[in-house]
Amino acid sequence: IVDEGDVDKWHKSVCRYCGTGCGVMLGMSKENQLVRVRGDQEAHNKGVICIKGSTLSNLMKQEDRRIKYPMIRKNGKLERATWDEALSLMADKFKEALAENGPESVGYYGSGQLLIEESYTANKLFKAGFKSNNVDGNPRLCMASAAVGYTQTFGKDEPPGCYEDMDHADCFFLIGSNTYEGHPPLWERIMIRKKSHPNTKIIVVDPRYTKTAEKADIHLPVVPGTDMLLLNSMMYCFIEQDLCDTDFISKNVTFNDGKSAVDFEKFKLFLEDYKPEKVADELGLTPRQIRTAAYWFGASKATMSMWTMGINQRAQGVFLNNNLNSMHLLTGQINRPGATPLSLTGQSNACGGVRDTGSLSHLLPNGRLVANPTHRAEMEKLWKVPAGTINPKPGYHALAMFQAMVDEKLKACLIMCTNPAQSLPNNDHYREGMKKSFLAVADIFETETTKFADVVLPAALYIEKEGVYGQTERRYQIIEKLVDPVGEAKSDLEILVEFAKKMGQDKLITAHTSEEVWEEYRELSSHSKYNFKGITRERLKKERGIQWPCPDENHPGTKRRYTKGDPFVPEGKDHYFYGKPDGKAVVFLRPYKRVKEVTSTTKPLYLTTGRVVSQWHTGTMTGGIKELNIQSGGGRFIMHPEDARRLKLKKGDLASVQSTYGTITGHVDISENETPGVVFASFYDPKFLVNKIVNDDYDPISKEPVYKVTAVNVSKATSL
Ligand code: SF4
């Protein structure tokens, strides 16, 4: 970061990294280099950005690390190739797989960091062009449970509320989110609210005593894997403490036991098993703690829940999401300023780029399902392909896709903008599959995954291309192209368009520029309740993002869904959950199920993984930035002093950590902030591949893996 004096012109943009989607101002020098970054005061984040965002200019200065030209693996080594050679080889392999083994033998594994136009095009190419629903990607690993949770409860994916609700909430229920490190500007906003309204309560549920928990009014350090018990118990307390909004419930809510509709009385009966006295021991809490949290949640003027991977990456991830939504419905803490559930997104464009465009194996654009004949027919008409083109069977979800490589069923796969060889759980197992399948990998830097690639394609980075990101609160924001790509790099959209041509799909993929794709997709959205027809390119360039639904160009966008201001709520209605045929949201009866990974005498500790504030995901982008590396240090196991003492480990010692899935050795760090019995590790460091030992069980509904709970044994080691 250099002095502002070097800035010739400022441009509004969006941070490249996380799902907070902060507006940034990019200062370009006379030489057209990104030399300075600051938060955009006019954007939703009001000028606040985190350490990662503040080093975006350093990200663009890593030309020496970039992949600059296409490469083909020959005799085990990647060798420089022309674009034509690389794309021709790719097309040959995909055509061969399609001809010999059919559409199920090819796949696309994408990313919540691609632009909307890129994910949309990949999805269309594979589902309508190759008739393969094997379209999935890393959002499956982080947001799938939230997406299914919303869809089951409200009938539509994506959150009802918005960030502005933080300025009105009197109670924050933060569960499975270390907001301080994961979403720093949002944490800052909570702190501002707390400072101006000191009676605001902050409830933090987390097995770890995180930086977020430090500021809580009540921290509930639940035993890993038990928090379904807590949510059901809090709902028991809502009834016990007369905190249910019976008027709201009678008009807007139905109850369902997962098979059929039931009545409120049956729901009450179901909750009897979750009386605080019955569950407190297993949770590791006291009944009083549970009742206090329930009272604050239910009795506050406005309660906002926020959660992320600690809830989504769980064997009962969907049920947990259902329960969080249900808690708001029962207490009427929804559809007004400050009162809302709001799942926080990990990646910059997981919401807009993947969930909204339907770029997962069971989805089609704008909330449609491949298994639904009406939805398929609608999409076939909109995509102008013959009836019966789209396969009715969902394709492989993320882990199934790599398992299909292990089983030699998936013969050719295009991986874009993501690093599964570092991010998948039970990593060594799925790496075996990557060795067997033909892999084309498009990325900006070499990664653990490019080590397995047969073809590597140089991708454009950030402001080397133009397109739209959609962040957590349904806000679409544009990133404009400010510099040319390095070397021979191309945007992922250009790569897809050229690949489509080589595959003979040029009649299907007719939108070639980012703007052309946006126009096609914007028009298409108007046939759904994800309508953003009113979000034109021109508006995106002028305004600081617009929240959909936004049906026409005069519409200001929708802050809060399912209430007044939402264009789909009928006149005269205060609330209307239009995703459901009867306009009513659903409270499900969701029983707690003990996790598979429980500690034992041979594996007496829980391993849980997460993020640190100064690194992003697998460190592909942030790992080359000195300032961030100084702050984060290297990957390591962090444990409570009590555990370290028992295991005779000191800070800096080497320890072997063993799970059912493997063993890795790494350095030990010790912190009072960790909970006894829980070892924490972050996954950003490619030299410390913690995901090799992480549980690859997954939620049976969302298919999102269970990263958060793995039983392990820890012992002293002498060498790496
Ligand atoms: Fe970027 Fe996320 Fe940091 Fe905002 S919080 S500056 S979007 S990394």
# chains A, B, ... in the order shown; residues from 1 in each chain; ligands from 1

$ residues_around --residues "stretch 578-593 of chain A" --least-positions-apart "6" --cutoff "7 Å" --atoms "only C-alpha atoms" --output "list in words"
Thr153, Phe154, Gly155, Lys156, Met228, Leu229, Asn252, Val253, Thr254, Phe255, Asn256, Asp257, Gly258, Phe267, Phe319, Asn322 and Ser326 of chain A

$ write_last_selection --atoms "C-alpha atoms" --output "JSON list (two decimals), in the first residue's frame"
[["chain", "number", "residue", "atom", "x", "y", "z"],
["A", 153, "THR", "CA", -38.82, -23.24, 5.66],
["A", 154, "PHE", "CA", -39.79, -20.38, 3.34],
["A", 155, "GLY", "CA", -40.10, -22.13, -0.03],
["A", 156, "LYS", "CA", -37.30, -19.99, -1.50],
["A", 228, "MET", "CA", -29.45, -29.16, 17.93],
["A", 229, "LEU", "CA", -30.27, -29.91, 21.56],
["A", 252, "ASN", "CA", -48.22, -17.18, 9.00],
["A", 253, "VAL", "CA", -46.91, -20.55, 10.16],
["A", 254, "THR", "CA", -47.65, -24.24, 9.71],
["A", 255, "PHE", "CA", -46.01, -27.14, 11.53],
["A", 256, "ASN", "CA", -44.63, -30.26, 9.94],
["A", 257, "ASP", "CA", -42.99, -33.36, 11.38],
["A", 258, "GLY", "CA", -41.02, -33.98, 8.16],
["A", 267, "PHE", "CA", -44.98, -29.52, 18.31],
["A", 319, "PHE", "CA", -32.10, -29.35, 10.56],
["A", 322, "ASN", "CA", -34.57, -25.16, 9.92],
["A", 326, "SER", "CA", -38.22, -21.69, 13.26]]

$ residues_around --residues "stretch 553-566 of chain A" --least-positions-apart "5" --cutoff "6 Å" --atoms "only C-alpha atoms" --output "list in words"
Pro160, Gly161, Cys162, Asn335, Gly534, Ile546, Gln547, Trp548, Asp574, His575, Tyr576 and Phe577 of chain A

$ select_by_dssp --residues "stretch 220-369 of chain A" --states "strand (DSSP E)" --output "PyMOL selection string"
chain A and resi 220+253-256+261-262+303-307+340-343+363-364+368-369

$ write_last_selection --atoms "C-alpha atoms" --output "PDB file, in the first residue's frame"
ATOM      1  CA  LEU A 220     -22.549 -20.951  25.547  1.00  0.00           C
ATOM      2  CA  VAL A 253     -46.914 -20.551  10.164  1.00  0.00           C
ATOM      3  CA  THR A 254     -47.653 -24.235   9.711  1.00  0.00           C
ATOM      4  CA  PHE A 255     -46.014 -27.140  11.527  1.00  0.00           C
ATOM      5  CA  ASN A 256     -44.627 -30.263   9.941  1.00  0.00           C
ATOM      6  CA  ALA A 261     -48.566 -31.302   8.690  1.00  0.00           C
ATOM      7  CA  VAL A 262     -49.121 -31.438  12.449  1.00  0.00           C
ATOM      8  CA  THR A 303     -33.485 -10.405  17.518  1.00  0.00           C
ATOM      9  CA  MET A 304     -31.118 -11.167  14.704  1.00  0.00           C
ATOM     10  CA  SER A 305     -29.499 -14.582  14.294  1.00  0.00           C
ATOM     11  CA  MET A 306     -26.298 -14.956  12.352  1.00  0.00           C
ATOM     12  CA  TRP A 307     -24.497 -18.175  11.598  1.00  0.00           C
ATOM     13  CA  THR A 340     -34.408 -11.776  11.133  1.00  0.00           C
ATOM     14  CA  PRO A 341     -32.383 -14.896  10.542  1.00  0.00           C
ATOM     15  CA  LEU A 342     -29.328 -14.103   8.375  1.00  0.00           C
ATOM     16  CA  SER A 343     -26.922 -16.856   7.382  1.00  0.00           C
ATOM     17  CA  LEU A 363     -30.603 -27.067  -9.227  1.00  0.00           C
ATOM     18  CA  LEU A 364     -31.544 -24.972 -12.232  1.00  0.00           C
ATOM     19  CA  ARG A 368     -35.699 -24.388  -9.953  1.00  0.00           C
ATOM     20  CA  LEU A 369     -34.953 -28.069  -9.473  1.00  0.00           C
TER      21      LEU A 369
END

$ residues_near_ligand --ligand "ligand 1" --cutoff "6 Å" --atoms "only C-alpha atoms and all ligand atoms" --output "PyMOL selection string"
chain A and resi 15+17-22+49-50+52-53+183-185

$ atom_distance --atom1 "atom CA of A:Glu85" --atom2 "atom CA of A:Ile116"
27.6 Å

$ residues_around --residues "A:Gly634" --least-positions-apart "2" --cutoff "8 Å" --atoms "only C-alpha atoms" --output "PyMOL selection string"
chain A and resi 629+632+636+685+688

$ write_last_selection --atoms "C-alpha atoms" --output "short mmCIF file (atom, residue, chain, number, x, y, z; two decimals), in the first residue's frame"
data_model
loop_
_atom_site.label_atom_id
_atom_site.label_comp_id
_atom_site.auth_asym_id
_atom_site.auth_seq_id
_atom_site.Cartn_x
_atom_site.Cartn_y
_atom_site.Cartn_z
CA ASN A 629 1.42 -14.20 6.47
CA SER A 632 -1.44 -15.46 10.56
CA ARG A 636 -0.83 -25.33 13.40
CA ASP A 685 -1.81 -23.38 4.75
CA PHE A 688 -0.33 -28.09 6.72
#
